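Let me begin by presenting the structure, written as C-alpha cells, before commenting on it.
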Amino acid sequence: MNKVILAGRLARDPEMRYTTSGKAVASFSLAVNRRFNRNAGDQQTADFIPIVAWEKLAEICGNNLVKGSQILVEGRMQIRSYEAQDGSKRYVTEVVANEIEFMGSKQQRENTTGGSFAPADPAPAGGFGGSPVSDDDIPF
C-alpha cells in the first residue's frame, strides 16, 4: 500500500502550471515538523516535502493556498526520473496529493489569504471528514 498523510504549513506559494494538453498542476513544499530530534534535545526540526496536485485540486490549491497555510495532505509517494540537460539521470521523490484539507481556524485562514478560504468545489464525500459540511455548521 502506498499512502501518505502529512500535516504542515506551506513553505512557499503554490506554483501553478498547465501541461500542453491543458491539465492544471500545482507544486509546493510542505514544512512538516518532527516531534523531536534525539541529537538536539527537544529542538523541533522540519522536513520540507515536495507536493504535487493535479487538475481541479491543483486549481483549488492555486486559488486558495499561500505560504504559511496550514493543510492536511493525503496522497501517494512517487519516485520518478528524468534526464537533465547535461545528460545525467536525476531522481525526484514527491507526494502526489489525492485530497487536501484546509486546517487552522477560519480567522487564521482569512488572515493568511486575505479572504475566504473555502474551495469553490467541496471535497468529495469519504475524505478525512466524511461528508462536506457547510461553513455555517463549523464552530469557529
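Simple scheme: letters A, B, ... for chains in C-alpha cells order, numbers from 1 for residues in each chain, numbers from 1 for ligands in the order shown.
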Spatial neighbours of A:Ile79, 9 Å, only C-alpha atoms, chain gap at least 3 places, as a list in words: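 The contact residues come out as Tyr91, Val92, Thr93, Glu94 and Val95 of chain A.
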Could you please write out, as a JSON list (two decimals) with C-alpha atoms, in the first residue's frame, every residue of stretch 34-88 of chain A that DSSP assigns to helix (DSSP H, G or I)?
[["chain", "number", "residue", "atom", "x", "y", "z"],
["A", 38, "ARG", "CA", 17.30, 12.98, 19.73],
["A", 39, "ASN", "CA", 20.65, 14.62, 18.94],
["A", 40, "ALA", "CA", 19.41, 18.18, 19.54],
["A", 55, "GLU", "CA", -6.41, 19.16, -12.31],
["A", 56, "LYS", "CA", -9.26, 20.54, -10.13],
["A", 57, "LEU", "CA", -7.32, 20.03, -6.89],
["A", 58, "ALA", "CA", -4.40, 21.98, -8.40],
["A", 59, "GLU", "CA", -6.72, 24.88, -9.28],
["A", 60, "ILE", "CA", -8.15, 24.91, -5.75],
["A", 61, "CYS", "CA", -4.60, 24.99, -4.33],
["A", 62, "GLY", "CA", -3.56, 27.78, -6.66],
["A", 63, "ASN", "CA", -6.61, 29.88, -5.80],
["A", 64, "ASN", "CA", -6.70, 29.32, -2.03]]
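Using only C-alpha atoms, the smallest distance between any of A:Gly104, A:Gly87, A:Pro14, A:Gly8 and A:Val52 comes from A:Pro14.
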Write out as a list in words which residues come within 12 Å of A:Asn98 when counting only C-alpha atoms, dropping same-chain ones fewer than 6 positions away. Asn2, Lys3, Val4, Ile5, Leu6, Ile51, Val52, Ala53, Trp54, Glu55, Lys56, Leu57, Ala58, Leu72, Val73, Glu74, Gly75, Arg76, Met77, Ala123, Pro124, Gly127 and Phe128 of chain A
Could you tell me which of A:Leu65, A:Ala31, A:Ala84, A:Val96 comes closest to A:Asp47 if we count only C-alpha atoms?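 Ranking A:Leu65, A:Ala31, A:Ala84, A:Val96 by distance to A:Asp47, first place goes to A:Ala31.
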What's around A:Leu10 at 6 Å? Count only C-alpha atoms, leave out sequence neighbours fewer than 5 positions away in its own chain, and write the answer as a PyMOL selection string. chain A and resi 29-30+67-69
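Here the residues within stretch 66-99 of chain A that DSSP labels strand (DSSP E) on the basis of the backbone are Gln70, Ile71, Leu72, Val73, Glu74, Gly75, Arg76, Met77, Gln78, Ile79, Arg80, Ser81, Tyr82, Glu83, Lys89, Arg90, Tyr91, Val92, Thr93, Glu94, Val95, Val96, Ala97, Asn98 and Glu99 of chain A.
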Deliver the residues from the most recent selection as a file, using N, CA and C atoms, as a CSV table (one decimal), in the first residue's frame.
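Saved file out_17.csv follows:
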chain,number,residue,atom,x,y,z
A,70,GLN,N,-1.9,26.3,6.6
A,70,GLN,CA,-1.9,25.0,7.3
A,70,GLN,C,-2.8,24.0,6.6
A,71,ILE,N,-2.3,22.9,6.2
A,71,ILE,CA,-3.1,21.9,5.5
A,71,ILE,C,-2.8,20.5,5.9
A,72,LEU,N,-3.7,19.6,5.5
A,72,LEU,CA,-3.5,18.2,5.7
A,72,LEU,C,-3.6,17.6,4.3
A,73,VAL,N,-2.6,16.8,3.9
A,73,VAL,CA,-2.5,16.2,2.6
A,73,VAL,C,-2.6,14.7,2.7
A,74,GLU,N,-3.4,14.1,1.9
A,74,GLU,CA,-3.5,12.6,1.7
A,74,GLU,C,-3.1,12.3,0.3
A,75,GLY,N,-2.2,11.4,0.1
A,75,GLY,CA,-1.8,11.1,-1.3
A,75,GLY,C,-0.9,9.9,-1.3
A,76,ARG,N,-0.1,9.8,-2.3
A,76,ARG,CA,0.8,8.7,-2.5
A,76,ARG,C,2.2,9.2,-2.8
A,77,MET,N,3.2,8.4,-2.4
A,77,MET,CA,4.6,8.7,-2.7
A,77,MET,C,5.0,8.3,-4.1
A,78,GLN,N,5.7,9.2,-4.8
A,78,GLN,CA,6.0,8.9,-6.2
A,78,GLN,C,7.5,9.2,-6.4
A,79,ILE,N,8.2,8.3,-7.0
A,79,ILE,CA,9.6,8.5,-7.3
A,79,ILE,C,9.7,8.4,-8.9
A,80,ARG,N,10.2,9.5,-9.5
A,80,ARG,CA,10.3,9.5,-10.9
A,80,ARG,C,11.7,10.0,-11.3
A,81,SER,N,12.1,9.7,-12.5
A,81,SER,CA,13.4,10.1,-13.0
A,81,SER,C,13.3,10.9,-14.3
A,82,TYR,N,14.3,11.7,-14.6
A,82,TYR,CA,14.3,12.4,-15.9
A,82,TYR,C,15.8,12.6,-16.2
A,83,GLU,N,16.0,13.0,-17.5
A,83,GLU,CA,17.4,13.3,-17.9
A,83,GLU,C,17.6,14.8,-17.9
A,89,LYS,N,21.1,11.4,-15.2
A,89,LYS,CA,19.8,11.0,-14.8
A,89,LYS,C,19.5,11.5,-13.4
A,90,ARG,N,18.4,12.2,-13.2
A,90,ARG,CA,18.0,12.8,-11.9
A,90,ARG,C,16.8,12.1,-11.4
A,91,TYR,N,16.7,11.9,-10.1
A,91,TYR,CA,15.6,11.3,-9.5
A,91,TYR,C,14.8,12.3,-8.6
A,92,VAL,N,13.5,12.2,-8.6
A,92,VAL,CA,12.7,13.1,-7.8
A,92,VAL,C,11.7,12.3,-6.9
A,93,THR,N,11.7,12.6,-5.7
A,93,THR,CA,10.7,12.0,-4.8
A,93,THR,C,9.7,13.0,-4.3
A,94,GLU,N,8.4,12.8,-4.5
A,94,GLU,CA,7.4,13.7,-4.2
A,94,GLU,C,6.1,13.0,-3.8
A,95,VAL,N,5.2,13.8,-3.2
A,95,VAL,CA,3.9,13.3,-2.8
A,95,VAL,C,2.9,13.8,-3.8
A,96,VAL,N,2.1,12.9,-4.4
A,96,VAL,CA,1.1,13.3,-5.3
A,96,VAL,C,-0.2,13.3,-4.5
A,97,ALA,N,-0.8,14.5,-4.3
A,97,ALA,CA,-2.0,14.7,-3.5
A,97,ALA,C,-3.2,14.2,-4.1
A,98,ASN,N,-4.0,13.4,-3.3
A,98,ASN,CA,-5.3,13.0,-3.7
A,98,ASN,C,-6.4,13.9,-3.1
A,99,GLU,N,-6.1,14.3,-1.9
A,99,GLU,CA,-7.1,15.1,-1.1
A,99,GLU,C,-6.3,16.1,-0.3
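Residue nearest A:Asp13 within the list A:Met1, A:Ala26, A:Val66, A:Gln44: A:Val66 [criterion: smallest interatomic distance, only C-alpha atoms].
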